[in-house]
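Asker: The following block contains the structure, expressed as structure tokens.
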Amino acid sequence: MILLTGATGTVGGQVARRLPGTEPVRLLTRDPRRAAGLAGPHTEVVGGDFDDPGSLLRALTGVRAALLVTANPLTHAHDENFLTAARAAGVHHVVKLTTLSVTEPDATDLVTEWQRENERLLRASGLAWTLLRPRAFMSNTLGWARSVREEGVVRALHGDTEVAAVDPRDVADVAVRALTDAEGHAGRAHPLTGPEAVSPVRQTEILAELLERPLTFVESTEDQVLPRLLERYSAEVARALVESSARGRDGTKAHVEPAVAEVLGGPARAYRDWAGDHLSAFRA
């Protein structure tokens, strides 16, 4: 059996849809109602919480491999609790979603340091492991959808900064390979990027071409972005996200990695591909 955490998130749901159905799948979520649409003949949804070790042990019993996605950068307890339960339940292989910035010495923001420690915990757990290290997700630009629909405007930081963002579907496809082929992926860290580095200004141009309507890019300042982030995140996390965005101005995030193509045997999806498949979100 394979267990997935984060099944209602950016990557987890894609993994649930892509697993081949040759063995049972269990989806762990705090609110099973949110994942009900992913249940099927070979897929069950169970309730559990990273703060409740007992629920984790119950969910992990009988599981061979697990996808671990945690989302609270203010604590390592969630990863610790999961790995402790995984060992007790006899899980063999854990595939962990982290971030490519952990490989960059100058990346010292809160989120990156949190993921570095999470990776260390997994490597020290005694379990077989695989690390998925994506660059920024192309789907982050869905945050522009409302202003594109209503105003024909994209507002973002650092418009000329090029980032080799990755399609979450490619990350999910790599995760499926790792979950179903432990021998081929155990002990490996996969740096996952798109096939090219694209700036927010260029992403805006691509969206305009596909939508066949003019769009305007407006450069935001950090002071303008921070209040919007504070509506969704704690002050510590919001500042970390702004810090991480600023760091990309030196070109660090523009490097393209070959891992997606090497693992999947075909090219990574480009931003134009992702945008073309999600145009409905941006249409007026």
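Here, A, B, ... name the chains of the structure tokens in the order displayed, residue numbers run from 1 inside each chain, and ligands are numbered from 1 in the same displayed order.
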Could I get the residues of segment 69-178 of chain A with an atom no further than 10 Å from an atom of segment 193-207 of chain A, each paired with its nearest atom pair and that distance in Å to one decimal, using only C-alpha atoms, sorted by chain and residue number, as a tab-separated table?

Answerer:
```
residue	atom	partner	partner_atom	distance
A:Leu100	CA	A:Thr193	CA	8.8
A:Arg133	CA	A:Thr193	CA	8.7
A:Pro134	CA	A:Thr193	CA	6.1
A:Arg135	CA	A:Thr193	CA	5.5
A:Ala136	CA	A:Thr193	CA	8.0
A:Phe137	CA	A:Thr193	CA	8.7
A:Met138	CA	A:Gly194	CA	8.7
A:Thr141	CA	A:Gln203	CA	8.6
A:Trp144	CA	A:Thr204	CA	9.5
A:Val148	CA	A:Leu207	CA	9.3
A:Gly152	CA	A:Thr204	CA	10.0
A:Val153	CA	A:Thr204	CA	8.7
A:Val154	CA	A:Thr204	CA	6.9
A:Arg155	CA	A:Pro200	CA	9.1
A:Ala156	CA	A:Pro200	CA	7.2
A:Leu157	CA	A:Pro200	CA	8.2
A:His158	CA	A:Pro200	CA	7.6
A:Gly159	CA	A:Pro200	CA	4.9
A:Asp160	CA	A:Ser199	CA	5.3
A:Thr161	CA	A:Ser199	CA	5.1
A:Glu162	CA	A:Ser199	CA	4.1
A:Val163	CA	A:Ala197	CA	4.7
A:Ala164	CA	A:Ala197	CA	3.9
A:Ala165	CA	A:Gly194	CA	5.3
A:Val166	CA	A:Gly194	CA	4.2
A:Asp167	CA	A:Gly194	CA	6.7
A:Pro168	CA	A:Gly194	CA	9.8
A:Asp170	CA	A:Gly194	CA	8.6
A:Val171	CA	A:Thr193	CA	8.8
```

Asker: Suppose we keep C-alpha atoms; can you now write the selection as a PDB file, in the first residue's frame?

Answerer:
```
ATOM      1  CA  LEU A 100      15.627  23.241  -4.382  1.00  0.00           C
ATOM      2  CA  ARG A 133      13.418  19.392  -4.628  1.00  0.00           C
ATOM      3  CA  PRO A 134      11.277  21.540  -6.928  1.00  0.00           C
ATOM      4  CA  ARG A 135      11.973  25.117  -7.883  1.00  0.00           C
ATOM      5  CA  ALA A 136       8.930  27.418  -7.653  1.00  0.00           C
ATOM      6  CA  PHE A 137       5.702  25.968  -9.050  1.00  0.00           C
ATOM      7  CA  MET A 138       4.295  27.411 -12.263  1.00  0.00           C
ATOM      8  CA  THR A 141       0.860  32.361 -11.006  1.00  0.00           C
ATOM      9  CA  TRP A 144      -2.631  36.554 -10.578  1.00  0.00           C
ATOM     10  CA  VAL A 148      -5.968  39.303 -14.853  1.00  0.00           C
ATOM     11  CA  GLY A 152      -5.996  42.824 -17.261  1.00  0.00           C
ATOM     12  CA  VAL A 153      -3.111  43.406 -14.852  1.00  0.00           C
ATOM     13  CA  VAL A 154      -0.390  41.261 -13.275  1.00  0.00           C
ATOM     14  CA  ARG A 155       1.213  42.591 -10.099  1.00  0.00           C
ATOM     15  CA  ALA A 156       4.361  40.860  -8.846  1.00  0.00           C
ATOM     16  CA  LEU A 157       7.792  41.401  -7.378  1.00  0.00           C
ATOM     17  CA  HIS A 158      10.971  41.542  -9.469  1.00  0.00           C
ATOM     18  CA  GLY A 159       9.459  41.397 -12.929  1.00  0.00           C
ATOM     19  CA  ASP A 160      12.745  40.750 -14.754  1.00  0.00           C
ATOM     20  CA  THR A 161      13.960  37.973 -12.434  1.00  0.00           C
ATOM     21  CA  GLU A 162      14.114  34.692 -14.339  1.00  0.00           C
ATOM     22  CA  VAL A 163      13.099  31.530 -12.478  1.00  0.00           C
ATOM     23  CA  ALA A 164      13.164  27.957 -13.816  1.00  0.00           C
ATOM     24  CA  ALA A 165       9.711  27.216 -12.374  1.00  0.00           C
ATOM     25  CA  VAL A 166       8.388  23.655 -12.686  1.00  0.00           C
ATOM     26  CA  ASP A 167       4.965  22.328 -13.612  1.00  0.00           C
ATOM     27  CA  PRO A 168       3.479  20.568 -10.540  1.00  0.00           C
ATOM     28  CA  ASP A 170       6.017  16.995 -13.597  1.00  0.00           C
ATOM     29  CA  VAL A 171       6.770  16.920  -9.869  1.00  0.00           C
TER      30      VAL A 171
END
```

Asker: Segment 23-250 of chain A: which residues are alpha helix (DSSP H) by DSSP, as number ranges by chain?

Answerer: A: 53-60, 77-89, 110-123, 145-151, 168-180, 182-185, 200-211, 222-230, 235-247

Asker: If you count only C-alpha atoms, which residues fall within 10 Å of Glu117 of chain A, apart from same-chain ones fewer than 5 positions away, as a PyMOL selection string?

Answerer: chain A and resi 76+79+102+112+122-123

Asker: I need the chosen residues saved as a PDB file, in the first residue's frame, with C-alpha atoms.

Answerer:
```pdb
ATOM      1  CA  HIS A  76       9.668  20.224  12.887  1.00  0.00           C
ATOM      2  CA  ASP A  79       8.010  15.537  10.260  1.00  0.00           C
ATOM      3  CA  VAL A 102      18.194  23.821   0.323  1.00  0.00           C
ATOM      4  CA  THR A 112      14.591  26.937   3.441  1.00  0.00           C
ATOM      5  CA  LEU A 122      14.505  11.918   7.066  1.00  0.00           C
ATOM      6  CA  ARG A 123      18.057  10.921   6.168  1.00  0.00           C
TER       7      ARG A 123
END
```

Asker: Any idea what's packed within 8 Å of segment 46-58 of chain A, counting only C-alpha atoms, ignoring anything in its chain fewer than 6 positions away? Could you give it as a PyMOL selection string?

Answerer: chain A and resi 26-32+77-79+81-82+85-86+88-89

Asker: Would you mind writing down, as an MDAnalysis selection string, each residue of segment 33-203 of chain A that DSSP on the backbone assigns to strand (DSSP E)?

Answerer: chainID A and resid 43:47 65:68 93:97 128:134 153:156 188:192

Asker: Go through A:Trp129, A:Gly266, A:Ala7, A:Val15 one by one, measure the shortest atom-to-atom distance of each to Thr70 of chain A using only C-alpha atoms, and give the residue with the smallest value.

Answerer: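 Ranked by minimum distance to Thr70 of chain A, first place goes to A:Ala7.
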
Asker: Would you list the contacts of Leu210 of chain A as an NGL selection string, taking every protein, DNA or RNA residue within 12 Å and counting only C-alpha atoms, but skipping same-chain residues closer than 3 positions in sequence?

Answerer: :A and (203-207 or 213-215 or 271-280 or 282-283)

Asker: Just checking: using only C-alpha atoms, which residue out of A:Gln115, A:Thr61, A:Ser234, A:Ser147 ends up closest to Ala284 of chain A?

Answerer: A:Ser147
